[in-house]
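J.: Please find structure-v8.csv (CSV, C-alpha atoms) on the next line:
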chain,number,residue,atom,x,y,z
U,260,MET,CA,3.1,-31.2,23.7
U,261,ALA,CA,5.9,-28.8,23.9
U,262,PRO,CA,5.0,-25.1,24.5
U,263,PRO,CA,4.7,-22.9,21.5
U,264,MET,CA,8.0,-21.1,21.0
U,265,PRO,CA,8.6,-17.6,19.7
U,266,PRO,CA,8.7,-17.4,16.0
U,267,PRO,CA,12.1,-17.3,14.2
U,268,PRO,CA,13.3,-13.8,13.2
U,269,ASN,CA,12.2,-12.7,9.7
U,270,PRO,CA,15.2,-11.1,8.0
U,271,SER,CA,12.9,-8.9,5.9
U,272,ASN,CA,11.6,-7.1,9.0
U,273,THR,CA,14.5,-5.9,11.0
U,274,PHE,CA,15.7,-2.7,12.7
U,275,PHE,CA,19.0,-1.5,11.4
U,276,GLY,CA,19.4,-5.1,10.2
U,277,LEU,CA,18.9,-6.6,13.7
U,278,PRO,CA,16.1,-9.1,14.0
U,279,SER,CA,14.1,-9.8,17.1
U,280,THR,CA,11.5,-12.3,18.3
U,281,TRP,CA,8.9,-9.8,17.1
U,282,SER,CA,10.2,-9.5,13.6
U,283,SER,CA,7.7,-11.9,12.0
U,284,LYS,CA,4.8,-10.2,13.9
U,285,LEU,CA,5.0,-6.7,12.5
U,286,ALA,CA,2.7,-7.2,9.5
U,287,PRO,CA,-0.6,-5.4,9.4
U,288,PHE,CA,-2.5,-8.7,9.6
U,289,GLU,CA,-0.7,-9.7,12.7
U,290,ASN,CA,-0.7,-7.2,15.6
U,291,GLY,CA,2.7,-5.8,15.6
U,292,VAL,CA,4.2,-4.2,18.7
U,293,LEU,CA,1.4,-1.8,19.4
U,294,GLY,CA,2.5,-0.8,22.8
U,295,ARG,CA,3.6,-3.2,25.5
U,296,PHE,CA,3.7,-0.3,27.9
U,297,GLU,CA,2.4,0.3,31.4
U,298,GLY,CA,2.7,3.5,33.3
U,299,GLU,CA,1.3,6.9,34.2
U,300,VAL,CA,1.7,10.4,32.7
U,301,GLY,CA,0.4,13.4,34.5
U,302,ASP,CA,-0.8,16.6,32.8
U,303,LEU,CA,-0.6,15.5,29.2
U,304,THR,CA,0.2,18.1,26.6
U,305,VAL,CA,-3.0,19.4,25.1
U,306,PHE,CA,-3.1,21.1,21.7
U,307,GLY,CA,-5.9,23.6,21.8
U,308,GLU,CA,-8.2,24.0,24.8
U,309,LEU,CA,-10.5,21.4,26.5
U,310,PRO,CA,-13.9,22.8,27.6
U,311,LYS,CA,-14.0,23.3,31.4
U,312,GLU,CA,-17.3,21.4,31.4
U,313,LEU,CA,-15.5,18.1,30.6
U,314,ASP,CA,-15.1,16.3,33.9
U,315,GLY,CA,-14.8,12.5,33.8
U,316,THR,CA,-12.8,9.6,32.6
U,317,PHE,CA,-12.4,8.2,29.0
U,318,TYR,CA,-11.5,4.5,29.1
U,319,ARG,CA,-9.9,2.5,26.3
U,320,ILE,CA,-9.2,-1.2,25.9
U,321,MET,CA,-7.2,-2.7,23.1
U,322,VAL,CA,-5.4,-5.9,21.9
U,323,ASP,CA,-1.8,-5.6,22.8
U,324,PRO,CA,0.2,-8.9,22.9
U,325,PHE,CA,2.7,-9.0,25.7
U,326,TYR,CA,4.6,-11.9,24.0
U,327,PRO,CA,4.8,-12.7,20.3
U,328,LEU,CA,1.8,-14.7,19.0
U,329,GLN,CA,1.9,-18.2,17.7
U,330,ASP,CA,2.0,-18.2,13.9
U,331,GLY,CA,-1.4,-18.2,12.3
U,332,ASN,CA,-3.3,-16.3,14.9
U,333,PRO,CA,-5.8,-13.6,13.9
U,334,PRO,CA,-5.4,-10.0,15.1
U,335,ILE,CA,-8.1,-10.4,17.7
U,336,GLU,CA,-5.8,-12.6,19.8
U,337,GLY,CA,-3.5,-10.8,22.3
U,338,ASP,CA,-3.6,-9.4,25.8
U,339,GLY,CA,-6.0,-6.8,26.9
U,340,ASN,CA,-4.4,-3.4,27.6
U,341,THR,CA,-6.4,-0.8,29.4
U,342,CYS,CA,-6.0,3.0,29.5
U,343,ALA,CA,-7.8,5.7,31.4
U,344,PHE,CA,-7.7,9.5,30.6
U,345,ARG,CA,-8.8,11.6,33.5
U,346,ILE,CA,-10.2,14.9,32.2
U,347,ARG,CA,-10.8,17.8,34.6
U,348,ASP,CA,-10.3,21.6,34.6
U,349,GLY,CA,-8.9,21.5,31.1
U,350,ARG,CA,-6.2,19.0,32.0
U,351,VAL,CA,-5.7,15.3,31.3
U,352,ASP,CA,-3.8,12.6,33.2
U,353,MET,CA,-3.3,9.1,31.8
U,354,LYS,CA,-2.7,5.7,33.2
U,355,ILE,CA,-2.1,2.5,31.1
U,356,THR,CA,-1.8,-1.1,32.2
U,357,TYR,CA,-2.6,-4.6,31.3
U,358,VAL,CA,-5.6,-6.4,32.7
U,359,ASP,CA,-4.0,-8.6,35.3
U,360,ARG,CA,-5.4,-12.0,34.2
U,361,GLU,CA,-4.5,-15.5,35.2
U,362,ARG,CA,-3.3,-16.2,31.7
U,363,LEU,CA,-0.9,-13.2,31.5
U,364,ARG,CA,0.4,-13.9,35.1
U,365,LEU,CA,1.3,-17.5,34.0
U,366,GLU,CA,3.1,-16.3,30.9
U,367,ARG,CA,5.0,-13.6,32.8
U,368,GLN,CA,6.0,-16.1,35.4
U,369,ALA,CA,7.4,-18.4,32.6
U,370,ASN,CA,8.7,-15.4,30.6
U,371,GLN,CA,7.3,-16.9,27.4
U,372,ARG,CA,4.1,-17.4,25.5
U,373,LEU,CA,2.3,-20.5,26.7
U,374,PHE,CA,-1.1,-20.0,24.9
U,375,GLY,CA,-1.3,-21.0,21.3
U,376,LEU,CA,-4.1,-20.4,18.8
U,377,TYR,CA,-7.1,-18.3,19.4
U,378,ARG,CA,-9.7,-20.2,21.6
U,379,ASN,CA,-8.0,-23.5,21.0
U,380,PRO,CA,-6.9,-25.0,24.4
U,381,PHE,CA,-5.4,-28.0,22.6
U,382,SER,CA,-2.7,-25.8,21.2
U,383,HIS,CA,-1.7,-24.4,24.6
U,384,HIS,CA,1.0,-25.7,26.8
U,385,PRO,CA,-0.4,-28.6,29.0
U,386,CYS,CA,0.5,-26.7,32.2
U,387,VAL,CA,-2.0,-23.9,31.4
U,388,ARG,CA,-4.9,-25.7,29.8
U,389,ALA,CA,-7.0,-25.5,33.0
U,390,ALA,CA,-6.4,-21.7,33.3
U,391,VAL,CA,-9.0,-19.1,32.4
U,392,ASP,CA,-8.3,-18.4,28.7
U,393,SER,CA,-9.5,-14.9,28.6
U,394,THR,CA,-7.5,-12.0,27.0
U,395,ALA,CA,-10.1,-9.4,28.2
U,396,ASN,CA,-9.2,-7.3,25.2
U,397,THR,CA,-12.4,-6.4,23.4
U,398,ASN,CA,-14.7,-4.0,25.3
U,399,PHE,CA,-15.3,-2.1,28.5
U,400,VAL,CA,-18.7,-1.8,30.2
U,401,TYR,CA,-19.3,0.0,33.4
U,402,TRP,CA,-22.0,-1.7,35.4
U,403,ALA,CA,-23.1,-1.9,39.1
U,404,GLY,CA,-20.0,0.1,40.1
U,405,LYS,CA,-17.6,-2.2,38.3
U,406,LEU,CA,-15.7,-1.7,35.1
U,407,LEU,CA,-16.0,-5.0,33.2
U,408,ALA,CA,-13.2,-6.0,30.8
U,409,LEU,CA,-14.8,-8.3,28.3
U,410,LYS,CA,-13.8,-11.2,26.0
U,411,GLU,CA,-16.6,-13.3,24.6
U,412,SER,CA,-14.7,-16.6,25.1
U,413,ALA,CA,-14.9,-16.3,28.9
U,414,LEU,CA,-16.6,-14.3,31.8
U,415,PRO,CA,-15.7,-10.7,32.7
U,416,TYR,CA,-12.8,-9.4,34.7
U,417,ALA,CA,-13.7,-6.6,37.1
U,418,VAL,CA,-11.4,-3.6,37.0
U,419,ASP,CA,-11.3,-0.7,39.5
U,420,PRO,CA,-12.5,2.3,37.6
U,421,ASP,CA,-10.2,4.7,39.5
U,422,THR,CA,-6.9,2.7,39.8
U,423,LEU,CA,-7.4,0.2,36.9
U,424,GLU,CA,-6.4,-2.5,39.3
U,425,THR,CA,-7.8,-5.9,38.3
U,426,LEU,CA,-10.2,-6.9,41.1
U,427,CYS,CA,-11.6,-10.3,40.3
U,428,TYR,CA,-12.9,-12.7,37.7
U,429,ASP,CA,-16.7,-13.2,37.2
U,430,PRO,CA,-17.8,-10.5,39.6
U,431,PHE,CA,-21.6,-11.1,39.2
U,432,GLN,CA,-21.5,-14.9,39.2
U,433,SER,CA,-22.8,-15.2,35.7
U,434,PRO,CA,-24.5,-18.3,34.4
U,435,GLY,CA,-22.7,-20.3,31.7
U,436,LYS,CA,-19.0,-20.2,30.8
U,437,THR,CA,-19.0,-17.2,28.4
U,438,PHE,CA,-20.2,-13.6,28.3
U,439,SER,CA,-20.7,-11.4,25.2
U,440,ALA,CA,-18.2,-8.7,24.5
U,441,HIS,CA,-21.1,-6.5,23.5
U,442,PRO,CA,-23.9,-6.6,26.1
U,443,LYS,CA,-26.5,-3.9,25.6
U,444,VAL,CA,-27.8,-1.4,28.1
U,445,ASP,CA,-31.6,-0.8,28.2
U,446,PRO,CA,-31.9,2.8,29.3
U,447,TYR,CA,-35.6,2.5,29.9
U,448,THR,CA,-35.5,-0.5,32.3
U,449,GLY,CA,-32.1,0.0,33.7
U,450,GLU,CA,-30.9,-3.4,32.7
U,451,LEU,CA,-27.7,-4.8,31.2
U,452,VAL,CA,-28.8,-7.4,28.6
U,453,VAL,CA,-26.3,-10.2,28.2
U,454,PHE,CA,-25.8,-13.4,26.2
U,455,GLY,CA,-23.1,-16.0,26.0
U,456,TYR,CA,-22.6,-18.6,23.2
U,457,GLU,CA,-20.7,-21.9,23.6
U,458,ALA,CA,-22.1,-21.3,27.0
U,459,LYS,CA,-21.7,-24.9,28.2
U,460,GLY,CA,-18.2,-25.4,26.9
U,461,LEU,CA,-16.0,-25.6,23.9
U,462,GLY,CA,-17.8,-26.1,20.6
U,463,THR,CA,-21.3,-26.4,22.2
U,464,ASP,CA,-24.4,-25.0,20.5
U,465,ASP,CA,-25.8,-23.7,23.9
U,466,ILE,CA,-26.6,-20.0,24.3
U,467,VAL,CA,-27.5,-18.4,27.6
U,468,LEU,CA,-29.4,-15.1,27.9
U,469,TYR,CA,-30.2,-13.0,31.0
U,470,SER,CA,-30.0,-9.4,32.3
U,471,PHE,CA,-28.5,-7.6,35.3
U,472,ASP,CA,-30.3,-4.9,37.2
U,473,LYS,CA,-28.4,-1.8,38.4
U,474,ALA,CA,-27.3,-3.6,41.5
U,475,GLY,CA,-25.8,-6.5,39.5
U,476,ASN,CA,-28.6,-9.0,40.3
U,477,LYS,CA,-29.4,-11.5,37.6
U,478,HIS,CA,-32.9,-11.8,36.1
U,479,HIS,CA,-34.7,-13.5,33.1
U,480,GLU,CA,-32.2,-16.4,32.6
U,481,GLN,CA,-33.0,-18.6,29.7
U,482,TRP,CA,-31.2,-21.2,27.6
U,483,ILE,CA,-31.6,-21.9,23.9
U,484,LYS,CA,-29.8,-23.8,21.1
U,485,ALA,CA,-28.0,-22.3,18.1
U,486,PRO,CA,-28.6,-23.9,14.7
U,487,TRP,CA,-24.8,-24.7,14.7
U,488,PRO,CA,-21.9,-23.8,17.0
U,489,ALA,CA,-21.6,-20.3,15.5
U,490,PHE,CA,-19.6,-17.2,16.0
U,491,ILE,CA,-22.1,-14.7,17.7
U,492,HIS,CA,-20.3,-11.5,18.3
U,493,ASP,CA,-23.1,-9.0,18.6
U,494,CYS,CA,-26.8,-8.6,19.1
U,495,ALA,CA,-29.6,-6.0,19.0
U,496,ILE,CA,-32.2,-5.4,21.7
U,497,THR,CA,-35.7,-3.9,21.6
U,498,PRO,CA,-38.1,-3.6,24.5
U,499,ASN,CA,-39.3,-7.2,24.0
U,500,PHE,CA,-36.7,-9.0,21.9
U,501,ILE,CA,-33.0,-9.8,21.6
U,502,VAL,CA,-31.7,-10.5,18.1
U,503,LEU,CA,-28.5,-12.6,17.9
U,504,VAL,CA,-26.5,-12.1,14.8
U,505,LEU,CA,-24.6,-15.2,13.6
U,506,TRP,CA,-21.4,-15.0,11.6
U,507,PRO,CA,-20.6,-17.6,8.9
U,508,TYR,CA,-17.9,-19.5,10.9
U,509,ASP,CA,-18.2,-23.1,12.2
U,510,ALA,CA,-16.6,-24.3,15.4
U,511,SER,CA,-15.2,-27.9,15.6
U,512,VAL,CA,-13.6,-29.5,18.6
U,513,ASP,CA,-12.2,-32.3,16.3
U,514,ARG,CA,-10.5,-29.7,14.2
U,515,MET,CA,-9.1,-28.0,17.4
U,516,ARG,CA,-7.7,-31.4,18.6
U,517,GLN,CA,-5.8,-31.7,15.4
U,518,GLY,CA,-4.1,-28.4,16.2
U,519,ASP,CA,-6.1,-26.2,13.8
U,520,HIS,CA,-8.3,-23.2,14.4
U,521,HIS,CA,-11.4,-22.9,16.6
U,522,TRP,CA,-13.3,-21.4,13.7
U,523,GLU,CA,-13.5,-22.2,10.0
U,524,TYR,CA,-15.0,-19.8,7.4
U,525,ASN,CA,-18.1,-21.3,5.7
U,526,ARG,CA,-19.0,-19.7,2.4
U,527,ASP,CA,-22.2,-21.7,2.3
U,528,ARG,CA,-23.8,-20.1,5.4
U,529,PRO,CA,-26.5,-17.4,4.7
U,530,LEU,CA,-27.0,-14.5,7.0
U,531,THR,CA,-28.7,-16.0,10.1
U,532,PHE,CA,-30.5,-14.4,13.0
U,533,ILE,CA,-32.0,-15.8,16.2
U,534,VAL,CA,-34.9,-13.9,17.7
U,535,VAL,CA,-35.6,-14.5,21.4
U,536,PRO,CA,-38.1,-12.8,23.7
U,537,ARG,CA,-36.1,-11.0,26.4
U,538,ARG,CA,-38.2,-12.4,29.2
U,539,PRO,CA,-39.0,-16.1,29.5
U,540,GLY,CA,-42.5,-17.5,29.9
U,541,PRO,CA,-45.5,-17.9,27.6
U,542,GLU,CA,-46.9,-14.5,28.4
U,543,HIS,CA,-43.9,-12.9,26.7
U,544,ARG,CA,-44.1,-14.9,23.5
U,545,PRO,CA,-45.4,-13.2,20.3
U,546,ALA,CA,-48.8,-14.2,18.9
U,547,GLY,CA,-48.5,-17.4,16.9
U,548,TRP,CA,-45.6,-18.9,18.8
U,549,GLY,CA,-46.1,-22.4,20.2
U,550,PRO,CA,-46.2,-23.1,23.9
U,551,SER,CA,-42.6,-24.6,23.9
U,552,GLU,CA,-41.0,-22.1,21.4
U,553,THR,CA,-38.3,-20.0,23.1
U,554,SER,CA,-36.7,-18.7,19.9
U,555,ARG,CA,-37.0,-18.5,16.2
U,556,VAL,CA,-34.3,-18.6,13.5
U,557,TYR,CA,-34.5,-16.4,10.4
U,558,HIS,CA,-32.3,-16.2,7.3
U,559,HIS,CA,-31.4,-13.9,4.5
U,560,PRO,CA,-29.8,-15.4,1.3
U,561,ASP,CA,-26.9,-12.9,1.5
U,562,HIS,CA,-23.5,-14.2,2.5
U,563,ALA,CA,-22.1,-11.5,4.7
U,564,ILE,CA,-20.8,-10.5,8.1
U,565,LEU,CA,-22.7,-8.0,10.2
U,566,LEU,CA,-19.8,-6.7,12.2
U,567,HIS,CA,-21.8,-4.6,14.7
U,568,THR,CA,-25.3,-3.5,15.3
U,569,ALA,CA,-26.5,0.0,16.1
U,570,GLY,CA,-30.0,1.4,16.7
U,571,SER,CA,-32.9,-1.1,17.2
U,572,TRP,CA,-36.6,-0.7,17.9
U,573,GLU,CA,-40.1,-2.1,17.3
U,574,ALA,CA,-42.9,-0.7,15.1
U,575,SER,CA,-46.1,-2.3,13.9
U,576,SER,CA,-45.2,-5.6,15.6
U,577,LYS,CA,-41.9,-5.8,13.7
U,578,ILE,CA,-38.3,-5.6,14.8
U,579,TYR,CA,-35.9,-3.1,13.1
U,580,PHE,CA,-32.2,-2.7,13.6
U,581,GLU,CA,-29.3,-1.2,11.8
U,582,SER,CA,-25.8,-2.7,11.2
U,583,SER,CA,-22.7,-2.7,9.2
U,584,ARG,CA,-22.6,-5.4,6.4
U,585,MET,CA,-19.4,-6.7,5.1
U,586,ARG,CA,-19.4,-9.1,2.1
U,587,TYR,CA,-16.0,-10.6,2.6
U,588,ASN,CA,-14.2,-12.8,5.2
U,589,ILE,CA,-12.8,-10.4,7.9
U,590,PHE,CA,-10.6,-13.2,9.4
U,591,PRO,CA,-8.5,-14.8,6.6
U,592,ALA,CA,-6.7,-16.9,9.3
U,593,PHE,CA,-9.9,-18.9,9.6
U,594,ASP,CA,-10.1,-19.8,5.9
U,595,PRO,CA,-7.7,-22.7,5.0
U,596,SER,CA,-8.0,-21.9,1.3
U,597,VAL,CA,-6.4,-18.4,1.8
U,598,ASN,CA,-2.8,-17.7,0.7
U,599,PRO,CA,-1.1,-16.4,3.9
U,600,GLN,CA,1.0,-14.0,1.8
U,601,PHE,CA,-2.2,-12.4,0.4
U,602,PRO,CA,-4.8,-12.9,3.0
U,603,PHE,CA,-7.3,-10.6,1.4
U,604,GLY,CA,-6.4,-11.5,-2.2
U,605,THR,CA,-4.3,-9.5,-4.7
U,606,ASN,CA,-6.9,-7.4,-6.5
U,607,PHE,CA,-7.1,-4.4,-4.1
U,608,GLU,CA,-8.3,-2.1,-6.9
U,609,ASP,CA,-11.6,-4.1,-7.2
U,610,PRO,CA,-14.1,-2.4,-4.9
U,611,SER,CA,-16.3,-5.4,-4.9
U,612,ALA,CA,-13.6,-7.4,-3.1
U,613,PHE,CA,-14.2,-5.3,0.0
U,614,ALA,CA,-17.9,-4.4,-0.4
U,615,ALA,CA,-19.4,-3.1,2.8
U,616,ASP,CA,-22.3,-0.8,3.6
U,617,TYR,CA,-24.6,0.2,6.5
U,618,VAL,CA,-28.2,-1.1,6.3
U,619,ARG,CA,-31.5,-1.4,8.1
U,620,TRP,CA,-33.1,-4.8,8.7
U,621,GLU,CA,-36.7,-5.8,9.3
U,622,ILE,CA,-37.8,-9.0,11.0
U,623,ASP,CA,-41.4,-10.0,11.6
U,624,PRO,CA,-41.4,-12.4,14.6
U,625,SER,CA,-44.9,-13.6,13.7
U,626,GLN,CA,-43.5,-15.3,10.6
U,627,PRO,CA,-42.6,-19.0,11.0
U,628,GLY,CA,-39.1,-20.0,12.0
U,629,ASP,CA,-36.6,-20.6,9.2
U,630,SER,CA,-38.4,-17.9,7.1
U,631,ALA,CA,-36.4,-15.6,4.9
U,632,ILE,CA,-36.5,-11.9,5.9
U,633,PRO,CA,-36.8,-9.0,3.4
U,634,ASP,CA,-33.8,-7.3,1.8
U,635,PRO,CA,-32.4,-4.6,4.0
U,636,THR,CA,-32.6,-1.0,3.0
U,637,THR,CA,-29.7,1.4,2.9
U,638,THR,CA,-29.9,3.7,5.9
U,639,PRO,CA,-30.8,7.4,5.3
U,640,PRO,CA,-28.3,10.1,6.1
U,641,CYS,CA,-28.0,11.1,9.7
U,642,ARG,CA,-26.0,13.6,11.7
U,643,ALA,CA,-23.4,11.2,13.1
U,644,ARG,CA,-22.6,7.5,13.7
U,645,TRP,CA,-20.0,6.6,16.3
U,646,CYS,CA,-17.8,3.5,15.9
U,647,GLY,CA,-14.6,2.2,17.4
U,648,ARG,CA,-11.4,2.2,15.3
U,649,THR,CA,-7.9,0.7,15.9
U,650,SER,CA,-4.9,2.6,14.7
U,651,ALA,CA,-1.3,1.4,14.8
U,652,SER,CA,-0.1,5.0,15.0
Please render this file's structure as structure tokens.
T.:
Amino acid sequence: MAPPMPPPPNPSNTFFGLPSTWSSKLAPFENGVLGRFEGEVGDLTVFGELPKELDGTFYRIMVDPFYPLQDGNPPIEGDGNTCAFRIRDGRVDMKITYVDRERLRLERQANQRLFGLYRNPFSHHPCVRAAVDSTANTNFVYWAGKLLALKESALPYAVDPDTLETLCYDPFQSPGKTFSAHPKVDPYTGELVVFGYEAKGLGTDDIVLYSFDKAGNKHHEQWIKAPWPAFIHDCAITPNFIVLVLWPYDASVDRMRQGDHHWEYNRDRPLTFIVVPRRPGPEHRPAGWGPSETSRVYHHPDHAILLHTAGSWEASSKIYFESSRMRYNIFPAFDPSVNPQFPFGTNFEDPSAFAADYVRWEIDPSQPGDSAIPDPTTTPPCRARWCGRTSAS
């Protein structure tokens, strides 16, 4: 298979009438040229005054394609670009650079894009199909003295927290082939709780769960099966459980071999959750669980995507957690029925077309597997909620 070539210029998106290889990639549903910049700036201009008590580093990681993406890719594809803001004595220094991954090194050496569709190795140039296909573009987690650049399709890259130099791949020798982009820190036990889906390879229904202590040692490894090869982007943890949140997308290796996407949106999937005791062994299973039960699946008849979770806890032997809830397909690229010119439809004035809210869920793990859970409640007002936001400005 020939390597994917840069897209042809789009005459409708030019600069002073001059097209470029990026011209067809500047739409909001692509990624556009967000940055493609590496460098350092000392003593940034500060408008106002920073409190003298601020002394530390703010890290940012974002999707920033170094080469134009292959047509049809979602905006979550693209290289991971890292940034550190050093704040001290009312001053700020900045450094920005790409995560120095095997994938990006190969493309820079060839001076062209060699990787095709998101998480589809069959669309990549044959010479790079054995390479680590991680963009490391989703999240940063600082653990055991290492800054981890995460992408859930692979294992972490370790980045030096002072220099942003990329140190190594898979610094903790994680089990499985994937590592969640959103592991959770348990502040009470001092653990980093991790899961990985498609953990035994492309399109598999295997999930691995475990935790790292503060020194980076692994504990509580366990393997379970998903009800289908599902997109599992986030989770919630409580003192005794981890709740995996499944999105309504299906993975298919056969579809990938035909040159199509890793994921396909499935409107028939209800909201699905997998509840797993955080520690393996019969002594950690809830009352009523069988001797061989390691997890239970629960459903809600809603068709929605819970983009991310927030607070989670246990009360009266039940699990509670809060999350966003979006009632539309957030990745039109994964829906073959979508018109590419209008990926979110044409009726932007209809609020129901983009219905979303923030809700609280209740799961009773003593109920049999495959049970329906109650309707969520709208969360009460609170002082603040913090969330990430990407801006093209």
J.: Which is closer to Pro595 of chain U than all the others in U:Phe296, U:Pro380, U:Glu523, U:Tyr416, using only C-alpha atoms?
T.: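 When distances to Pro595 of chain U are compared using only C-alpha atoms, the smallest one comes from U:Glu523.
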J.: Nearest residue to Pro539 of chain U out of U:Gln481, U:Ser575, U:Ala489, U:Ile564, using all atoms listed in the file?
T.: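 Among the listed residues, U:Gln481 lies closest to Pro539 of chain U.
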J.: Identify the residues around (-11.8, -8.6, 25.6) within a radius of 10 Å, measuring from all atoms listed in the file in the coordinates stated by the file, and give them as a ChimeraX atom specification.
T.: /U:320-322,335-340,358,393-399,407-416,439-441
J.: May I ask for the distance between atom CA of Arg537 of chain U and atom CA of Pro488 of chain U, given in Å to one decimal place?
T.: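 Distance reported for this atom pair: 21.3 Å.
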J.: Which distance in Å separates atom CA of Asn499 of chain U and atom CA of Arg538 of chain U, to one decimal?
T.: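 Separation between atom CA of Asn499 of chain U and atom CA of Arg538 of chain U: 7.4 Å.
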J.: Point out the residue among U:Ala458, U:Leu503, U:Leu530, U:Leu376 with the least atom-to-atom distance to Pro560 of chain U, counting only C-alpha atoms.
T.: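 For Pro560 of chain U, the nearest of the candidates is U:Leu530.
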J.: I want to know what sits within 9 Å of segment 582-586 of chain U, based on all atoms listed in the file, with residues of the same chain fewer than 2 positions away left out; could you give that as a list of chain:residue names?
T.: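 Result of the neighbour search: U:Asp561, U:His562, U:Ala563, U:Ile564, U:Leu565, U:Leu566, U:His567, U:Thr568, U:Ala569, U:Gly570, U:Phe580, U:Asn588, U:Ile589, U:Ser611, U:Ala612, U:Phe613, U:Ala614, U:Ala615, U:Asp616, U:Tyr617, U:Val618, U:Arg619, U:Trp620.
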J.: How many Å separate atom CA of Asp629 of chain U from atom CA of Ala485 of chain U?
T.: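 Distance reported for this atom pair: 12.5 Å.
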J.: Starting from the incomplete input, reconstruct N, CA, C and O atoms of segment 412-423 of chain U and write that as a PDB file, keeping the file's coordinate frame.
T.:
ATOM      1  N   SER U 412     -15.053 -15.180  24.920  1.00  0.00           N
ATOM      2  CA  SER U 412     -14.700 -16.600  25.100  1.00  0.00           C
ATOM      3  C   SER U 412     -14.743 -16.961  26.614  1.00  0.00           C
ATOM      4  O   SER U 412     -14.531 -18.130  26.964  1.00  0.00           O
ATOM      5  N   ALA U 413     -14.988 -15.995  27.501  1.00  0.00           N
ATOM      6  CA  ALA U 413     -14.900 -16.300  28.900  1.00  0.00           C
ATOM      7  C   ALA U 413     -15.879 -15.270  29.642  1.00  0.00           C
ATOM      8  O   ALA U 413     -16.670 -14.564  29.006  1.00  0.00           O
ATOM      9  N   LEU U 414     -15.782 -15.212  30.963  1.00  0.00           N
ATOM     10  CA  LEU U 414     -16.600 -14.300  31.800  1.00  0.00           C
ATOM     11  C   LEU U 414     -15.774 -13.021  32.037  1.00  0.00           C
ATOM     12  O   LEU U 414     -14.568 -12.973  31.790  1.00  0.00           O
ATOM     13  N   PRO U 415     -16.417 -11.979  32.552  1.00  0.00           N
ATOM     14  CA  PRO U 415     -15.700 -10.700  32.700  1.00  0.00           C
ATOM     15  C   PRO U 415     -14.666 -10.702  33.807  1.00  0.00           C
ATOM     16  O   PRO U 415     -14.761 -11.430  34.797  1.00  0.00           O
ATOM     17  N   TYR U 416     -13.687  -9.846  33.638  1.00  0.00           N
ATOM     18  CA  TYR U 416     -12.800  -9.400  34.700  1.00  0.00           C
ATOM     19  C   TYR U 416     -13.296  -8.055  35.189  1.00  0.00           C
ATOM     20  O   TYR U 416     -13.602  -7.179  34.362  1.00  0.00           O
ATOM     21  N   ALA U 417     -13.356  -7.870  36.511  1.00  0.00           N
ATOM     22  CA  ALA U 417     -13.700  -6.600  37.100  1.00  0.00           C
ATOM     23  C   ALA U 417     -12.462  -5.749  37.318  1.00  0.00           C
ATOM     24  O   ALA U 417     -11.482  -6.245  37.885  1.00  0.00           O
ATOM     25  N   VAL U 418     -12.497  -4.490  36.879  1.00  0.00           N
ATOM     26  CA  VAL U 418     -11.400  -3.600  37.000  1.00  0.00           C
ATOM     27  C   VAL U 418     -11.804  -2.367  37.818  1.00  0.00           C
ATOM     28  O   VAL U 418     -12.916  -1.843  37.624  1.00  0.00           O
ATOM     29  N   ASP U 419     -10.971  -1.933  38.736  1.00  0.00           N
ATOM     30  CA  ASP U 419     -11.300  -0.700  39.500  1.00  0.00           C
ATOM     31  C   ASP U 419     -11.308   0.471  38.598  1.00  0.00           C
ATOM     32  O   ASP U 419     -10.308   0.752  37.924  1.00  0.00           O
ATOM     33  N   PRO U 420     -12.423   1.223  38.537  1.00  0.00           N
ATOM     34  CA  PRO U 420     -12.500   2.300  37.600  1.00  0.00           C
ATOM     35  C   PRO U 420     -11.582   3.505  37.933  1.00  0.00           C
ATOM     36  O   PRO U 420     -11.304   4.347  37.066  1.00  0.00           O
ATOM     37  N   ASP U 421     -11.077   3.561  39.163  1.00  0.00           N
ATOM     38  CA  ASP U 421     -10.200   4.700  39.500  1.00  0.00           C
ATOM     39  C   ASP U 421      -8.718   4.297  39.378  1.00  0.00           C
ATOM     40  O   ASP U 421      -7.928   5.094  38.863  1.00  0.00           O
ATOM     41  N   THR U 422      -8.329   3.092  39.789  1.00  0.00           N
ATOM     42  CA  THR U 422      -6.900   2.700  39.800  1.00  0.00           C
ATOM     43  C   THR U 422      -6.554   1.800  38.600  1.00  0.00           C
ATOM     44  O   THR U 422      -5.363   1.586  38.360  1.00  0.00           O
ATOM     45  N   LEU U 423      -7.545   1.229  37.919  1.00  0.00           N
ATOM     46  CA  LEU U 423      -7.400   0.200  36.900  1.00  0.00           C
ATOM     47  C   LEU U 423      -6.808  -1.096  37.425  1.00  0.00           C
ATOM     48  O   LEU U 423      -6.399  -1.978  36.663  1.00  0.00           O
TER      49      LEU U 423
END
